[in-house]
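*Asks:* Please read through the structure below; I'll follow up with questions.
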Amino acid sequence: MKRVDHVKASREFLADEKHVEFHDKRLWTLRTLRDQAAHGIEEWEELRSLASGIKEHTLTHLAGYLEEFERNATKNGVIVHWAKNAEEHNRIVHEILESRRAKTLVKSKSMLTEECEMREYLEARGITVVESDLGERIQQLDHERPAHVVVPAVHKLASDVSRVFSKTLGTDPANSDVHYLAEAQRDATRPLILNAEAGMTGCNFAVAETGGITVCTNEGNADLSANVPPLHIASIGIEKLIPKLEHLGVFIRMLSRNALGAPITQYTSHFRGPRKGGEMHFVLVDNGRSARLAMDDFWYSLKCIRCGACMNTCPVYRRSSGLSYGGVYSGPIGAIINPTFDLKKYSALPFASTMNGSCTNVCPVKINIHEQIYKWRQIVAEQHELPFIKKEAMKVAGKVLAEPKLYRVAIKAADTAVAKLPRAFIYNPFNAWGKQREVPDAPEQTFRDWYLKNRKEK
Amino acid sequence: MSSRNAILASLRAAQRKPTTLPDVPMFDAGLPPALDKFKGTLAQMGGIWAEMPADTDIDALIRARYPDAKVICSAVPEVAGTRRIEEVRDPHELNDVDVGIVRPRFAVAETGSIWLSETQFQVNALGYLSQHLVALLDPADIVGNLHHAYHRSEFFAADYAVLMSGPSATADIEGVLIHGAQGIRSLTVIPAPRVRAFE
């Protein structure tokens, strides 16, 4: 296990201005579209409260709802499996494929199978795994993790995709036309879908009342993966449960609006039982979720519906990209979920935040993301996982902030310094705040000076 | 202990304080006229609304829209097509379909979605392997919003059901919108009242 160095990894991303600029702008566009869509729904805030309330209720009754889901799914002819961890999940999937002599598995995007590192596991056992989502396929062919939960290749420019496809799909390396690249992937993937013996999807919502699952895609690739091959396997995180079908109304209204600003995904697909002559398996996966449910400060993160809005709005994510988080989940949600898997490895992630709270404000299920980030920082500090410089700097800051007089002197000195000091001093290698960003001009007077002059009764 | 029981036991051991399940309202006061709203959101999602000219029939309209189509696979009685879906045994046989014809059970104004299950498709892959899809929709079948959609009883009888809202789309490369990412390249909805006598 190597500790993820988020700062170092972001520096690599920041080195290329073209990428940073596009990435920042594209994600901010998604955030803006999200706002427009949300503001178009009068009851938006009420929907957030309902979504949060439904998820909270389900999580506090999760064992019962899982039993109900299993009972109904079994009644519908689905074979239900349970996996305590990633290893067991992968083994179950492999056994199903092996017993059906399946050599090729075509699948839609699933963060859970990323979490389980299923592709690597199956490929080592001679199974060809084909990601059918365009962004996910780009990442698979480039041997990279998805950089975003909704738009996996958002950190790449068309020229990067052209480079990947020319090496793997045989496209013209000089052609970076987006339509050409997308069409090449469509043409290359279609025969793989037709030849696959098995299809796999993830799951956005699992409904206890019907025993069915709901999968949301824009490409219809989950529907192709599940409706063409005779065998459909779905990997389901146990936190995906909701009690009733009618609750989908709340979540589906919010998911794509919050993710991309669209009223719904192009395809919202409901799988309840196998096709005539077909076979369907559900694998219910824990992999750390029941342990997280027992964590008083962090169980709330299990409400997450993976819309990605917290990533789009986060200034740190937009300027460092998903890969710099070094884990399956990135952005603010990654900063609070990854440490539940491995605190030592991901101890830097809670510090990849400005604590502006925007993530919490856009979260459709009201997860207190920035408060959890703060909690993780406390835990990291208590367990002595803070790097030396941060620790020493915090000690000094603690002293200064505790003493009003000392604070005033420090602020005055800092403002004078920003105004008077030569650039080379401010942007010296020891000042992390002067890296890859411009320090704003110091105000002409401090708030305290202004207050004393204008407001305080003399 | 089986993994199933181990997982259930650890969830119960977590002992979170139970909270109540909120009631979900229908949020249907003052909804806009369903047909107008549907046309607008369908267009937003990249779907095409095609009114039928008075002097033509559905067959002619489809022929006019897809002059190069060799295989038209129909799952509706109103259109003969070149292939009947009833004759298709295996989804793989649908890979050469240029245009598929279906009739959704209902539609949703809020999201521009049409609802299709295995009852309407007969072979589900018709909605995905075809290059283009044409849907005959009775304007009387449009519900106002997703809350109404998720109160429909058809969901409880369908092994597979989709809310389809336009063609297969992606913006995964530089945010450029592409129609026909994996599945259908276009979705056309034609208003056509259903024959109700036999239902």
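Labels for the structure tokens follow display order: chains A, B, ..., residues from 1 in each chain, ligands from 1.
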Each residue of chain A lying at most 6 Å from chain B should get a row with its shortest atom-to-atom pair and the distance in Å to one decimal, counting only C-alpha atoms; could you produce that, ordered by chain and increasing number, as a tab-separated table?

*Replies:*
```
residue	atom	partner	partner_atom	distance
A:Ile54	CA	B:Leu21	CA	5.7
A:His57	CA	B:Thr19	CA	5.0
A:Thr60	CA	B:Pro18	CA	5.0
A:Ala63	CA	B:Leu8	CA	5.3
A:Trp82	CA	B:Arg4	CA	5.3
A:Lys84	CA	B:Ser3	CA	5.8
A:Gly135	CA	B:Asp172	CA	5.2
A:Val151	CA	B:Asp172	CA	6.0
A:Leu157	CA	B:Glu174	CA	5.9
A:Arg186	CA	B:Gln182	CA	5.5
A:Asn218	CA	B:Ala169	CA	5.4
A:Glu219	CA	B:Ser168	CA	4.4
A:Gly220	CA	B:Ser168	CA	5.6
A:Asn227	CA	B:Ala125	CA	5.6
A:Val228	CA	B:Pro91	CA	5.7
A:Glu246	CA	B:Tyr150	CA	5.0
A:Gly249	CA	B:His147	CA	4.7
A:Pro263	CA	B:Thr111	CA	5.5
A:Gln266	CA	B:Ser165	CA	4.6
A:Tyr267	CA	B:Met164	CA	4.9
A:Thr268	CA	B:Leu163	CA	5.1
A:Ser269	CA	B:Val162	CA	4.3
A:His270	CA	B:Ala161	CA	5.0
A:Phe271	CA	B:Tyr160	CA	4.8
A:Arg272	CA	B:Asp159	CA	4.5
A:Gly273	CA	B:Asp159	CA	4.5
A:Ser290	CA	B:Leu11	CA	5.3
A:Ala294	CA	B:Ala14	CA	4.4
```

*Asks:* Check the DSSP output for the backbone and give back, as number ranges by chain, the residues of range 63-181 of chain B in alpha helix (DSSP H).

*Replies:* B: 63-65, 118-121, 126-129, 146-149

*Asks:* Kindly export the residues of the current selection with C-alpha atoms, as a PDB file, in the first residue's frame.

*Replies:*
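Writing done, so here's selection-v7.pdb:
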```
ATOM      1  CA  ARG B  63     -40.919   5.340 -46.301  1.00  0.00           C
ATOM      2  CA  ALA B  64     -40.497   9.057 -46.894  1.00  0.00           C
ATOM      3  CA  ARG B  65     -38.397   9.546 -43.783  1.00  0.00           C
ATOM      4  CA  GLU B 118     -41.146  -6.727 -23.375  1.00  0.00           C
ATOM      5  CA  THR B 119     -44.881  -6.662 -24.134  1.00  0.00           C
ATOM      6  CA  GLN B 120     -44.402  -3.790 -26.597  1.00  0.00           C
ATOM      7  CA  PHE B 121     -40.957  -4.767 -27.934  1.00  0.00           C
ATOM      8  CA  LEU B 126     -35.422  -4.072 -31.195  1.00  0.00           C
ATOM      9  CA  GLY B 127     -35.040  -0.820 -29.285  1.00  0.00           C
ATOM     10  CA  TYR B 128     -31.235  -0.983 -29.304  1.00  0.00           C
ATOM     11  CA  LEU B 129     -29.815  -2.915 -32.253  1.00  0.00           C
ATOM     12  CA  LEU B 146     -42.453  10.910 -13.218  1.00  0.00           C
ATOM     13  CA  HIS B 147     -44.442  10.500 -10.004  1.00  0.00           C
ATOM     14  CA  HIS B 148     -47.481   9.550 -12.078  1.00  0.00           C
ATOM     15  CA  ALA B 149     -45.320   7.273 -14.221  1.00  0.00           C
TER      16      ALA B 149
END
```

*Asks:* Here is a test: counting only C-alpha atoms, which residue of A:Val207, A:Val130, A:Ile193, A:Ala174 is nearest to Asn72 in chain A?

*Replies:*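 Ranked by minimum distance to Asn72 in chain A, first place goes to A:Val207.
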
*Asks:* Of the candidates A:Arg437, A:Lys375, A:Arg408, A:Arg71, which one gets nearest to Glu209 in chain A if we count only C-alpha atoms?

*Replies:*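 Ranking A:Arg437, A:Lys375, A:Arg408, A:Arg71 by distance to Glu209 in chain A, first place goes to A:Arg71.
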
*Asks:* Would you pick out the contacts of range 350-354 of chain A at 9 Å or less, using only C-alpha atoms, so that residues sharing its chain but fewer than 4 positions from it are not included, and give the list as a list in words?

*Replies:* His6, Val7, Cys314, Pro315, Val316, Tyr317, Tyr325, Gly331, Pro332, Gly334, Ala335, Ile336, Pro339, Tyr346, His370, Gln372, Ile373, Tyr374, Lys375, Trp376, Arg377 and Val380 of chain A
